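Inspection log for the structure reproduced underneath, given as structure tokens.
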Amino acid sequence: MQYPKFIETEEQLEDVLSTPTQEDIDAMKALEGDILLLGAGGKMGPSLARLAKRASEAAGVDRKITAVARFSDAELVKQFEEMGVTPHRADLLKADDLAGVPEAPNVVYMAAKKFGTSAGAAAETWAMNAYLPGKVAERFPSSRIVAFSTGNVYALSPLHSGGPTEKDDLQPVGEYGTSAMARERIFSYFSEKNGTPVSLLRLNYAIDLRYGVLIDIALNLLQGKPVDVSMPAVNIIWQRDANSVCLRSFAEAGTPPFLVNLTGPETLSVRWLATELAKRLEVTPVFSGEESSNSLLSNAGLCQQRFGYPTATPHQLMDWVAHWLKSGGKTWTKATKFQVRDGKF
């Protein structure tokens with residue numbers, strides 16, 4: 001895929017994030033029926049909806065795409081309408097709202113809660129991550145469901161290991177990771193009980209130019225704050241590529257569910273990322289913490305085998321992030337907290 005050297009505006013960023021590859025177009029051509037995005041008001045929802053819309057149009061498929069969220073921000077409703085996606089306001093934890101969501105043969109489950117779990121919101125986290133998946137699975141037993149999960153279902157792994165594969169045991173640390181494991185178990189239960197085809201995407205970490213691990217590191221560098229290296233390594237993937245895998249994994253959905261670690265194949269040193277970003281930002285990096293011998297990692301071998309190498313490399317992503325910030329690009333106050341080792345978010 002041919003990308004620009006730099007991304008200058010939010011409009012260009014949204015265009016790049018939603019430009020379909022031929023694989024995306026082929027996937028949307030082969031997929032039958034409309035698409036329903038549950039929990040589409042988060043960081044990835046709008047760009048996923050736009051990619052699905054553009055890929056469907058390029059495939060010559062007249063498909064309705066519905067984005068479901070609470071929509072506390074009226075501007076987000078306008079964004080979906082302008083891209084030709086139907087917004088549907090609903091609080092999915094309310095039975096009447098969930099019952100009122102339109103039927104669709106293809107469902108993407110993006111509703112989740114992570115932050116605030118250890119600050120008094122543990123009950124809500126479990127409701128969103130464990131209770132709601134069961135209600136959704138019961139509501140759409142005949143649909144194909146692609147559900148986002150997280151790499152936090154795994155234990156910390158030795159740096160030389162390459163990270164756990166989908167066949168390894170789940171050993172989450174903390175309530176968020178445990179509730180995410182529960183989400184997977186619930187979808188798996190209903191998949192086998194009702195014959196619902198399911199794909200589970202263990203994502204970590206998506207990179208946008210407005211948020212993500214690289215933005216977290218780069219902002220610390222620009223503000224003269226130390227970069228914490230106690231979580232010594234990460235995996236990352238360009239958000240456009242993560243969205244692409246989501247749409248293409250409808251074809252992989254099965255019973256029992258198809259599992260995939262959705263991330264890039266490289267194990268990237270946090271110290272190296274900070275050093276490389278510092279060169280691009282023309283600052284001197286400062287570090288804190290002691291590098292451990294293990295980290296939250298995922299092995300992306302299956303993802304690469306099924307969906308190919310990501311279209312954007314770590315070097316390209318760092319170039320974009322540094323230029324974006326030096327040019328005054330907008331960022332979101334949505335830190336990943338990738339440094340957290342005890343699972344308390």
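Following the order of the structure tokens, first chain is A, next is B, and so on, with residues numbered from 1 inside each chain and ligands from 1 in the order they appear.
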Which of region 196-341 of chain A DSSP labels strand (DSSP E), written as a ChimeraX atom specification: /A:198-203,206-207,227-228,233-234,237-238,258-262,268-269,287-288,294-295
Just list the residues in region 175-317 of chain A DSSP gives helix (DSSP H, G or I) on the backbone, as a ChimeraX atom specification. /A:175-194,213-222,239-252,270-281,301-307,314-317
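Each of A:Glu175, A:Cys303, A:Tyr205, A:Glu276 was compared to Gly120 (chain A) using only C-alpha atoms, and A:Glu175 turns out to be the nearest.
Nearest to Glu252 (chain A) of all the residues A:Gln171, A:Thr165, A:Gln304, A:Ser199 is A:Ser199, based on only C-alpha atoms.
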Residue neighbourhood Leu76 (chain A), 12 Å, only C-alpha atoms, exclusion window fewer than 5 positions, as a VMD selection string: chain A and resid 40 to 43 45 to 47 67 to 71 81 to 83 85 to 89
Using C-alpha atoms, can you export the residues from the last selection as a short mmCIF file (atom, residue, chain, number, x, y, z; two decimals), in the first residue's frame?
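The resulting result36.cif:
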data_model
loop_
_atom_site.label_atom_id
_atom_site.label_comp_id
_atom_site.auth_asym_id
_atom_site.auth_seq_id
_atom_site.Cartn_x
_atom_site.Cartn_y
_atom_site.Cartn_z
CA ALA A 40 -18.66 2.24 17.88
CA GLY A 41 -18.14 5.47 19.80
CA GLY A 42 -14.63 4.58 20.98
CA LYS A 43 -11.21 5.24 19.51
CA GLY A 45 -15.14 2.76 15.83
CA PRO A 46 -15.32 5.70 13.41
CA SER A 47 -12.31 4.64 11.33
CA ALA A 67 -22.90 2.28 14.40
CA VAL A 68 -24.31 1.76 17.90
CA ALA A 69 -23.14 3.88 20.84
CA ARG A 70 -24.42 6.09 23.65
CA PHE A 71 -23.48 9.13 21.53
CA GLU A 81 -23.99 10.43 9.06
CA GLU A 82 -21.55 12.24 6.79
CA MET A 83 -19.73 8.99 6.00
CA VAL A 85 -23.11 5.15 8.28
CA THR A 86 -26.35 5.01 10.28
CA PRO A 87 -25.91 6.04 13.95
CA HIS A 88 -28.12 4.26 16.49
CA ARG A 89 -28.19 5.59 20.03
#
So that I can see what lies close to Val260 (chain A), please list as a short mmCIF file (atom, residue, chain, number, x, y, z; two decimals) with C-alpha atoms, in the first residue's frame the residues with an atom at most 12 Å from it, counting only C-alpha atoms and leaving out residues fewer than 5 positions away in the same chain.
data_model
loop_
_atom_site.label_atom_id
_atom_site.label_comp_id
_atom_site.auth_asym_id
_atom_site.auth_seq_id
_atom_site.Cartn_x
_atom_site.Cartn_y
_atom_site.Cartn_z
CA VAL A 146 -16.24 -10.49 15.49
CA ALA A 147 -15.39 -9.45 19.04
CA PHE A 148 -12.41 -7.40 20.15
CA SER A 149 -10.44 -8.82 23.05
CA THR A 150 -7.01 -7.82 24.36
CA GLY A 151 -3.49 -9.08 24.84
CA PRO A 164 2.42 -16.26 23.73
CA THR A 165 0.53 -17.77 20.84
CA GLU A 166 -3.20 -18.38 20.63
CA LYS A 167 -2.60 -21.95 21.86
CA ASP A 168 -1.00 -20.86 25.13
CA GLU A 184 -13.85 -14.60 25.59
CA VAL A 198 -17.26 -16.04 16.29
CA SER A 199 -13.83 -14.48 15.84
CA LEU A 200 -11.94 -13.14 18.88
CA LEU A 201 -9.29 -10.48 18.24
CA ARG A 202 -6.67 -10.07 20.98
CA LEU A 203 -5.51 -6.54 20.18
CA ASN A 204 -2.44 -4.74 21.52
CA ALA A 242 -6.14 -3.60 12.84
CA VAL A 245 -8.07 -7.63 10.12
CA CYS A 246 -11.37 -7.04 11.88
CA SER A 249 -11.91 -11.98 10.08
CA GLU A 252 -12.59 -16.76 9.70
CA ALA A 253 -15.43 -16.84 12.26
CA SER A 298 1.76 -11.38 21.88
CA ASN A 299 3.04 -13.63 19.11
CA ALA A 300 1.56 -12.37 15.82
CA GLY A 301 2.63 -15.31 13.68
CA LEU A 302 -0.92 -16.47 12.96
CA CYS A 303 -2.09 -12.94 12.23
CA GLN A 304 0.69 -12.45 9.69
CA GLN A 305 0.06 -15.88 8.15
CA ARG A 306 -3.66 -15.22 7.65
CA PHE A 307 -3.68 -11.49 6.92
#
Check which residues of region 9-28 of chain A sit at most 12 Å from region 206-221 of chain A using only C-alpha atoms, and return one row each with the closest pair of atoms and their distance in Å to one decimal, ordered by chain and rising number, as a tab-separated table.
residue	atom	partner	partner_atom	distance
A:Thr9	CA	A:Leu209	CA	10.3
A:Glu10	CA	A:Leu209	CA	9.1
A:Gln12	CA	A:Leu209	CA	11.3
A:Leu13	CA	A:Leu209	CA	7.9
A:Glu14	CA	A:Asp208	CA	9.9
A:Val16	CA	A:Asp208	CA	10.7
A:Leu17	CA	A:Asp208	CA	8.5
A:Ser18	CA	A:Asp208	CA	12.0
Could you list, as a PyMOL selection string, every residue within 12 Å of Val173 (chain A), counting only C-alpha atoms and ignoring same-chain residues fewer than 5 positions away? chain A and resi 151-157+178-181+295-296+340-345
Just write the chosen residues, C-alpha atoms, as a PDB file, in the first residue's frame.
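Saved as result_36.pdb:
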ATOM      1  CA  GLY A 151      -3.487  -9.083  24.844  1.00  0.00           C
ATOM      2  CA  ASN A 152      -4.054  -8.513  28.564  1.00  0.00           C
ATOM      3  CA  VAL A 153      -5.535 -12.007  28.755  1.00  0.00           C
ATOM      4  CA  TYR A 154      -1.927 -13.269  28.735  1.00  0.00           C
ATOM      5  CA  ALA A 155       0.652 -13.305  31.489  1.00  0.00           C
ATOM      6  CA  LEU A 156       3.846 -11.268  31.163  1.00  0.00           C
ATOM      7  CA  SER A 157       6.251 -13.150  28.883  1.00  0.00           C
ATOM      8  CA  THR A 178      -9.547 -11.389  34.011  1.00  0.00           C
ATOM      9  CA  SER A 179     -12.801  -9.767  32.894  1.00  0.00           C
ATOM     10  CA  ALA A 180     -11.506  -9.768  29.319  1.00  0.00           C
ATOM     11  CA  MET A 181     -10.833 -13.497  29.624  1.00  0.00           C
ATOM     12  CA  SER A 295       6.680  -7.847  29.265  1.00  0.00           C
ATOM     13  CA  LEU A 296       3.106  -7.917  27.976  1.00  0.00           C
ATOM     14  CA  VAL A 340       1.275  -0.896  33.974  1.00  0.00           C
ATOM     15  CA  ARG A 341       2.630  -4.261  35.133  1.00  0.00           C
ATOM     16  CA  ASP A 342       0.191  -5.166  37.912  1.00  0.00           C
ATOM     17  CA  GLY A 343      -2.966  -5.109  35.784  1.00  0.00           C
ATOM     18  CA  LYS A 344      -4.468  -2.188  37.710  1.00  0.00           C
ATOM     19  CA  PHE A 345      -5.899   0.290  35.223  1.00  0.00           C
TER      20      PHE A 345
END
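Interatomic distance, CA of Ala90 (chain A) against CA of Pro141 (chain A): 19.6 Å.
Near region 100-109 of chain A, within a cut-off of 6 Å and counting only C-alpha atoms, sit the residues A:Gly33, A:Asp34, A:Ile35, A:Leu36, A:Leu37, A:Leu38, A:Ser143, A:Arg144, A:Ile145, A:Val146, A:Ala147, with same-chain residues fewer than 6 positions away left out.
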